[in-house]
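For reference, protein19.cif is printed below; it contains mmCIF, C-alpha atoms.
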```
data_structure
#
loop_
_atom_site.label_atom_id
_atom_site.label_comp_id
_atom_site.auth_asym_id
_atom_site.auth_seq_id
_atom_site.Cartn_x
_atom_site.Cartn_y
_atom_site.Cartn_z
CA MET Q 1 1.98 27.76 -14.24
CA LYS Q 2 -0.52 27.19 -11.49
CA SER Q 3 -2.18 30.58 -11.45
CA ALA Q 4 -3.82 31.29 -14.77
CA LYS Q 5 -4.21 34.94 -13.86
CA GLU Q 6 -0.50 35.63 -14.08
CA LYS Q 7 0.29 38.70 -16.14
CA ARG Q 8 1.75 38.06 -19.55
CA PRO Q 9 3.07 40.43 -22.17
CA ALA Q 10 0.41 41.55 -24.58
CA GLY Q 11 -0.13 39.39 -27.63
CA GLN Q 12 1.06 36.22 -25.99
CA LYS Q 13 -1.39 33.42 -26.05
CA GLN Q 14 -3.04 32.67 -22.75
CA TYR Q 15 -3.10 29.13 -21.56
CA TYR Q 16 -5.76 28.06 -19.15
CA ARG Q 17 -4.59 24.98 -17.48
CA ARG Q 18 -7.03 23.14 -15.25
CA LYS Q 19 -5.63 23.07 -11.78
CA LYS Q 20 -4.63 19.57 -10.83
CA VAL Q 21 -5.90 18.29 -7.53
CA CYS Q 22 -4.69 15.42 -5.46
CA LYS Q 23 -6.95 12.43 -6.00
CA PHE Q 24 -6.34 11.17 -2.48
CA CYS Q 25 -7.17 14.48 -0.84
CA VAL Q 26 -10.35 14.88 -2.83
CA GLU Q 27 -11.62 11.38 -2.24
CA ARG Q 28 -10.34 11.35 1.34
CA ILE Q 29 -8.35 8.19 0.90
CA ASP Q 30 -6.28 7.91 4.07
CA THR Q 31 -4.43 4.68 3.51
CA ILE Q 32 -2.73 3.61 0.34
CA ASN Q 33 -2.42 -0.13 0.62
CA TYR Q 34 0.12 -2.08 -1.37
CA LYS Q 35 -2.46 -4.80 -2.05
CA ASP Q 36 -4.77 -2.42 -3.87
CA VAL Q 37 -3.39 -3.04 -7.34
CA LYS Q 38 -6.31 -1.38 -9.06
CA LEU Q 39 -5.62 1.92 -7.33
CA LEU Q 40 -1.85 1.74 -7.64
CA SER Q 41 -1.84 0.85 -11.32
CA GLN Q 42 -3.43 4.22 -12.07
CA PHE Q 43 -0.12 5.76 -11.05
CA VAL Q 44 2.09 3.32 -12.91
CA PRO Q 45 2.09 4.07 -16.63
CA GLU Q 46 3.15 1.66 -19.38
CA ARG Q 47 6.85 1.59 -18.67
CA ALA Q 48 6.03 0.67 -15.06
CA LYS Q 49 7.67 3.80 -13.70
CA ILE Q 50 6.06 5.71 -10.87
CA MET Q 51 4.15 8.68 -12.25
CA PRO Q 52 5.74 11.98 -11.22
CA ARG Q 53 3.78 14.37 -9.09
CA ARG Q 54 3.93 17.14 -11.68
CA ILE Q 55 1.84 14.99 -13.99
CA SER Q 56 -0.55 13.26 -11.62
CA GLY Q 57 -1.04 16.27 -9.34
CA VAL Q 58 -0.84 14.20 -6.16
CA CYS Q 59 0.18 16.21 -3.09
CA SER Q 60 3.53 15.44 -1.53
CA PRO Q 61 2.37 13.58 1.62
CA HIS Q 62 0.21 11.32 -0.50
CA GLN Q 63 2.89 10.85 -3.13
CA ARG Q 64 5.18 9.62 -0.38
CA LEU Q 65 2.63 7.07 0.78
CA LEU Q 66 1.96 6.10 -2.81
CA ASN Q 67 5.66 5.55 -3.48
CA ASP Q 68 5.97 3.25 -0.48
CA ALA Q 69 2.92 1.28 -1.51
CA ILE Q 70 4.08 0.87 -5.11
CA LYS Q 71 7.50 -0.29 -3.99
CA LYS Q 72 6.01 -2.85 -1.64
CA ALA Q 73 3.69 -4.08 -4.35
CA ARG Q 74 6.65 -4.48 -6.71
CA ASN Q 75 8.47 -6.51 -4.12
CA ILE Q 76 5.71 -9.09 -3.93
CA ALA Q 77 5.20 -9.23 -7.71
CA LEU Q 78 1.86 -7.44 -7.76
CA LEU Q 79 3.33 -4.69 -9.91
CA PRO Q 80 6.20 -4.92 -12.38
CA PHE Q 81 9.57 -3.23 -11.96
CA THR Q 82 9.89 -2.88 -15.71
CA THR Q 83 8.10 -4.11 -18.78
CA GLU Q 84 9.77 -6.84 -20.74
CA MET J 1 3.03 -6.59 20.56
CA ARG J 2 2.77 -5.17 17.12
CA ASN J 3 0.58 -5.79 14.13
CA TYR J 4 2.09 -7.34 11.06
CA GLU J 5 1.03 -8.66 7.72
CA ILE J 6 2.92 -11.42 6.01
CA MET J 7 2.14 -12.11 2.41
CA PHE J 8 3.79 -14.94 0.57
CA ILE J 9 3.62 -16.61 -2.79
CA VAL J 10 3.55 -20.38 -3.10
CA ASN J 11 4.53 -22.25 -6.23
CA PRO J 12 1.28 -22.75 -8.21
CA ASN J 13 2.17 -26.36 -8.93
CA ALA J 14 2.19 -27.22 -5.25
CA PRO J 15 -0.82 -29.27 -4.13
CA GLU J 16 -3.50 -27.68 -1.96
CA GLU J 17 -2.48 -29.82 1.03
CA GLU J 18 0.99 -28.38 0.96
CA ILE J 19 -0.34 -24.84 1.14
CA ASP J 20 -2.47 -25.83 4.12
CA LYS J 21 0.55 -27.44 5.70
CA ILE J 22 2.60 -24.25 5.33
CA ASN J 23 -0.26 -22.20 6.77
CA GLY J 24 -0.51 -24.56 9.72
CA GLN J 25 3.20 -24.28 10.34
CA ILE J 26 3.14 -20.49 10.36
CA GLU J 27 0.09 -20.47 12.59
CA THR J 28 1.74 -22.69 15.19
CA VAL J 29 4.86 -20.51 15.16
CA VAL J 30 2.74 -17.43 15.84
CA THR J 31 0.51 -18.93 18.53
CA SER J 32 3.31 -20.76 20.35
CA GLY J 33 5.29 -17.52 20.50
CA GLY J 34 2.38 -15.76 22.20
CA GLY J 35 1.06 -13.99 19.13
CA LYS J 36 -2.33 -14.22 17.51
CA VAL J 37 -3.40 -14.81 13.94
CA GLU J 38 -6.17 -12.35 13.22
CA LYS J 39 -6.83 -13.24 9.63
CA LEU J 40 -5.68 -15.89 7.23
CA GLU J 41 -6.65 -15.25 3.66
CA LYS J 42 -5.92 -17.46 0.74
CA MET J 43 -6.04 -14.99 -2.09
CA GLY J 44 -5.66 -17.73 -4.65
CA LYS J 45 -3.78 -17.98 -7.88
CA ARG J 46 -2.92 -14.85 -9.75
CA ARG J 47 -0.50 -13.76 -12.41
CA LEU J 48 2.82 -12.43 -11.23
CA ALA J 49 3.95 -9.08 -12.57
CA TYR J 50 7.34 -10.58 -13.37
CA GLU J 51 8.91 -13.99 -13.47
CA VAL J 52 9.92 -15.45 -10.12
CA ASP J 53 11.67 -18.81 -10.01
CA LYS J 54 10.66 -19.40 -13.63
CA GLN J 55 7.02 -19.07 -12.64
CA ARG J 56 4.54 -16.67 -14.18
CA GLU J 57 1.80 -17.46 -11.71
CA GLY J 58 1.64 -17.77 -7.97
CA TYR J 59 -0.66 -18.72 -5.14
CA TYR J 60 -0.96 -15.77 -2.77
CA VAL J 61 -1.54 -16.21 0.96
CA LEU J 62 -1.98 -13.35 3.42
CA PHE J 63 -1.54 -13.53 7.19
CA VAL J 64 -2.62 -10.68 9.46
CA MET J 65 -1.31 -11.10 12.97
CA THR J 66 -0.32 -9.61 16.29
CA ALA J 67 3.22 -10.65 17.03
CA ASN J 68 6.65 -9.49 18.09
CA GLY J 69 10.01 -9.39 16.40
CA ASP J 70 11.07 -12.88 17.42
CA ILE J 71 7.95 -14.49 15.99
CA ILE J 72 8.38 -12.62 12.72
CA LYS J 73 12.01 -13.64 12.55
CA GLU J 74 11.07 -17.27 12.99
CA CYS J 75 8.25 -17.03 10.42
CA GLU J 76 10.58 -15.52 7.86
CA ARG J 77 13.18 -18.17 8.52
CA ARG J 78 10.60 -20.90 7.95
CA LEU J 79 9.37 -19.29 4.75
CA ARG J 80 12.92 -19.11 3.44
CA VAL J 81 13.46 -22.77 4.18
CA ILE J 82 10.30 -24.04 2.49
CA ASP J 83 11.02 -24.59 -1.18
CA ALA J 84 7.45 -24.14 -2.36
CA VAL J 85 7.39 -20.54 -1.10
CA ILE J 86 8.89 -18.42 -3.83
CA LYS J 87 8.51 -14.95 -2.32
CA TYR J 88 7.35 -13.28 0.88
CA ILE J 89 6.96 -9.81 2.33
CA THR J 90 6.35 -8.65 5.90
CA VAL J 91 4.74 -5.30 6.55
CA ARG J 92 4.21 -3.66 9.91
CA THR J 93 0.75 -2.12 10.04
CA ASP J 94 0.25 -0.62 13.51
CA GLU J 95 2.15 2.59 12.84
CA GLU J 96 0.13 3.24 9.72
CA ALA J 97 -3.11 2.50 11.60
CA ARG J 98 -2.13 4.95 14.31
CA ARG J 99 -1.44 7.63 11.74
CA VAL J 100 -4.85 7.11 10.15
CA ASP J 101 -6.59 7.24 13.54
CA LYS J 102 -4.90 10.52 14.30
CA LEU J 103 -5.95 11.91 10.96
CA ARG J 104 -9.54 10.79 11.44
CA SER J 105 -9.84 12.27 14.92
CA PHE J 106 -8.30 15.46 13.67
CA ARG J 107 -10.85 15.65 10.90
CA GLN J 108 -13.71 14.94 13.28
CA LYS J 109 -12.57 17.59 15.70
CA ARG J 110 -12.37 20.10 12.92
CA ALA J 111 -15.81 19.16 11.63
CA ALA J 112 -17.21 19.62 15.14
CA ARG J 113 -15.57 23.01 15.46
CA ARG J 114 -17.00 24.14 12.17
CA GLY J 115 -20.47 23.03 13.19
CA THR J 116 -22.71 21.97 10.34
CA SER J 117 -20.30 22.47 7.46
CA HIS J 118 -18.24 19.31 7.11
CA GLY J 119 -14.84 20.84 6.98
CA SER J 120 -14.66 21.43 3.26
CA GLY J 121 -12.09 23.83 1.95
CA ALA J 122 -10.13 23.67 5.16
CA PRO J 123 -6.57 25.01 5.43
CA LYS J 124 -4.39 22.56 3.59
CA GLU J 125 -1.28 23.06 5.71
CA SER J 126 -2.93 21.62 8.80
CA ILE J 127 -3.92 18.42 7.03
CA GLU J 128 -0.41 17.92 5.83
CA GLU J 129 0.89 18.59 9.32
CA ALA J 130 -1.34 15.94 10.81
CA MET J 131 -0.22 13.42 8.24
CA GLN J 132 3.42 13.51 9.27
#
```
Show me, as structure tokens, the structure contained in the file I just sent.
Amino acid sequence: MKSAKEKRPAGQKQYYRRKKVCKFCVERIDTINYKDVKLLSQFVPERAKIMPRRISGVCSPHQRLLNDAIKKARNIALLPFTTE
Amino acid sequence: MRNYEIMFIVNPNAPEEEIDKINGQIETVVTSGGGKVEKLEKMGKRRLAYEVDKQREGYYVLFVMTANGDIIKECERRLRVIDAVIKYITVRTDEEARRVDKLRSFRQKRAARRGTSHGSGAPKESIEEAMQ
């Protein structure tokens, strides 16, 4: 799915998917702080679940940091566990 | 000595003096134990993401300190005892800071090695390695 140049049988429609890049790698964000609600809420969609990596495109080291931060933020009521 | 952050939420109906009193108490615990309060920030009232103790709002206070395990234990005990404090969290920050320092120095070294170009498009594996 990542490489758009993959060979496909003739006649099949070609999908060009924009390659997702990790926001934290691109912007060189080293620390993901649990107090930064504005940043974290970008990765917490409506149902208050943590956005999976396959959708957000975050790399695995950063996703790990992000998970920790979100969970800490939930603990101190900065982010919700669920929506009512 | 390690670096810690303690964040706690005080009942919004508590008077300002009570919040100051709690802060004073924590501060004395830290300083008498040989630690140091580096920052005390009253973040003020904000909406809670979920209901805690039938409250929808809370007064947030943040302590940044250098302390050891005993001091933290005592602080947490105090916070549990005080009724006005509805929630608290302690986070150790020195390990994270060390990780970031390592990452920064790594990046600098690489930038120096590459001369003028500022290390763009560098091998991704090595960044991930340094982050562990």
Report as JSON, numbers by chain the full result of the PyMOL selection byres ((chain Q) within 8 of (chain J)) when it is applied to this structure.
-> {"Q": [30, 31, 61, 74, 75, 76, 77, 78, 79, 80, 81]}
Counting all atoms listed in the file, figure out which residue out of J:Val61, J:Ala67, J:Ala111, J:Leu79 gets nearest to J:Ser32.
->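 Ranking J:Val61, J:Ala67, J:Ala111, J:Leu79 by distance to J:Ser32, first place goes to J:Ala67.
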Would you write out, as a PDB file with C-alpha atoms, in the coordinates of the input, every residue that the PyMOL selection byres ((chain Q and resi 50) around 10) captures in this file?
```
ATOM      1  CA  LEU Q  40      -1.850   1.740  -7.640  1.00  0.00           C
ATOM      2  CA  SER Q  41      -1.840   0.850 -11.320  1.00  0.00           C
ATOM      3  CA  GLN Q  42      -3.430   4.220 -12.070  1.00  0.00           C
ATOM      4  CA  PHE Q  43      -0.120   5.760 -11.050  1.00  0.00           C
ATOM      5  CA  VAL Q  44       2.090   3.320 -12.910  1.00  0.00           C
ATOM      6  CA  PRO Q  45       2.090   4.070 -16.630  1.00  0.00           C
ATOM      7  CA  GLU Q  46       3.150   1.660 -19.380  1.00  0.00           C
ATOM      8  CA  ARG Q  47       6.850   1.590 -18.670  1.00  0.00           C
ATOM      9  CA  ALA Q  48       6.030   0.670 -15.060  1.00  0.00           C
ATOM     10  CA  LYS Q  49       7.670   3.800 -13.700  1.00  0.00           C
ATOM     11  CA  MET Q  51       4.150   8.680 -12.250  1.00  0.00           C
ATOM     12  CA  PRO Q  52       5.740  11.980 -11.220  1.00  0.00           C
ATOM     13  CA  ARG Q  53       3.780  14.370  -9.090  1.00  0.00           C
ATOM     14  CA  GLN Q  63       2.890  10.850  -3.130  1.00  0.00           C
ATOM     15  CA  LEU Q  66       1.960   6.100  -2.810  1.00  0.00           C
ATOM     16  CA  ASN Q  67       5.660   5.550  -3.480  1.00  0.00           C
ATOM     17  CA  ILE Q  70       4.080   0.870  -5.110  1.00  0.00           C
ATOM     18  CA  LYS Q  71       7.500  -0.290  -3.990  1.00  0.00           C
ATOM     19  CA  PHE Q  81       9.570  -3.230 -11.960  1.00  0.00           C
TER      20      PHE Q  81
END
```
Mind giving me the straight-line distance from atom CA of J:Asn23 to atom CA of J:Asp70 in Å, one decimal?
->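 Separation of atom CA of J:Asn23 and atom CA of J:Asp70: 18.1 Å.
For the pair atom CA of Q:Phe24 and atom CA of Q:Gly57, the separation is 10.1 Å.
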Kindly resolve the PyMOL selection byres ((chain J and resi 41) around 8) on the present coordinates and return the residues as a PyMOL selection string.
-> chain J and resi 39-40+42-43+61-63
If I wrap all listed atoms of stretch 108-117 of chain J in a box with edges along x, y and z and add 5 Å on each side, what are its centre and edge lengths in Å to one decimal, as lines of an AutoDock Vina configuration file?
```
center_x = -17.5
center_y = 19.5
center_z = 11.6
size_x = 20.3
size_y = 19.2
size_z = 18.2
```
Atom CA of J:Arg113 and atom CA of Q:Cys25 are how many Å apart?
->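 Going from atom CA of J:Arg113 over to atom CA of Q:Cys25 covers 20.2 Å.
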Neighbours of J:Asn11 within 6 Å (all atoms listed in the file; same-chain residues fewer than 2 positions away dropped), as JSON, numbers by chain?
-> {"J": [13, 14, 58, 84]}
Quick one: everything within 9 Å of stretch 36-38 of chain J, counting all atoms listed in the file, minus sequence neighbours fewer than 5 positions away in the same chain. Send it as number ranges by chain.
-> J: 27, 30-31, 63-67
Where atoms are missing, can you supply N, CA and C atoms for stretch 56-69 of chain Q and output the lot as a short mmCIF file (atom, residue, chain, number, x, y, z; two decimals), in the frame of the given file?
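Writing the result to result-v9.cif gives the following:
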```
data_model
loop_
_atom_site.label_atom_id
_atom_site.label_comp_id
_atom_site.auth_asym_id
_atom_site.auth_seq_id
_atom_site.Cartn_x
_atom_site.Cartn_y
_atom_site.Cartn_z
N SER Q 56 0.66 13.78 -12.25
CA SER Q 56 -0.55 13.26 -11.62
C SER Q 56 -1.22 14.28 -10.70
N GLY Q 57 -0.46 15.25 -10.20
CA GLY Q 57 -1.04 16.27 -9.34
C GLY Q 57 -1.24 15.83 -7.90
N VAL Q 58 -0.70 14.69 -7.54
CA VAL Q 58 -0.84 14.20 -6.16
C VAL Q 58 -0.01 15.08 -5.22
N CYS Q 59 -0.54 15.37 -4.03
CA CYS Q 59 0.18 16.21 -3.09
C CYS Q 59 1.33 15.42 -2.48
N SER Q 60 2.29 16.14 -1.91
CA SER Q 60 3.53 15.44 -1.53
C SER Q 60 3.35 14.41 -0.41
N PRO Q 61 2.54 14.64 0.63
CA PRO Q 61 2.37 13.58 1.62
C PRO Q 61 1.78 12.31 1.01
N HIS Q 62 0.83 12.49 0.12
CA HIS Q 62 0.21 11.32 -0.50
C HIS Q 62 1.14 10.64 -1.49
N GLN Q 63 1.93 11.44 -2.19
CA GLN Q 63 2.89 10.85 -3.13
C GLN Q 63 3.88 9.96 -2.38
N ARG Q 64 4.24 10.40 -1.18
CA ARG Q 64 5.18 9.62 -0.38
C ARG Q 64 4.57 8.27 -0.01
N LEU Q 65 3.31 8.32 0.44
CA LEU Q 65 2.63 7.07 0.78
C LEU Q 65 2.49 6.18 -0.45
N LEU Q 66 2.15 6.82 -1.56
CA LEU Q 66 1.96 6.10 -2.81
C LEU Q 66 3.26 5.41 -3.25
N ASN Q 67 4.37 6.13 -3.12
CA ASN Q 67 5.66 5.55 -3.48
C ASN Q 67 5.95 4.31 -2.66
N ASP Q 68 5.72 4.40 -1.36
CA ASP Q 68 5.97 3.25 -0.48
C ASP Q 68 5.12 2.07 -0.91
N ALA Q 69 3.84 2.36 -1.16
CA ALA Q 69 2.92 1.28 -1.51
C ALA Q 69 3.32 0.61 -2.82
#
```
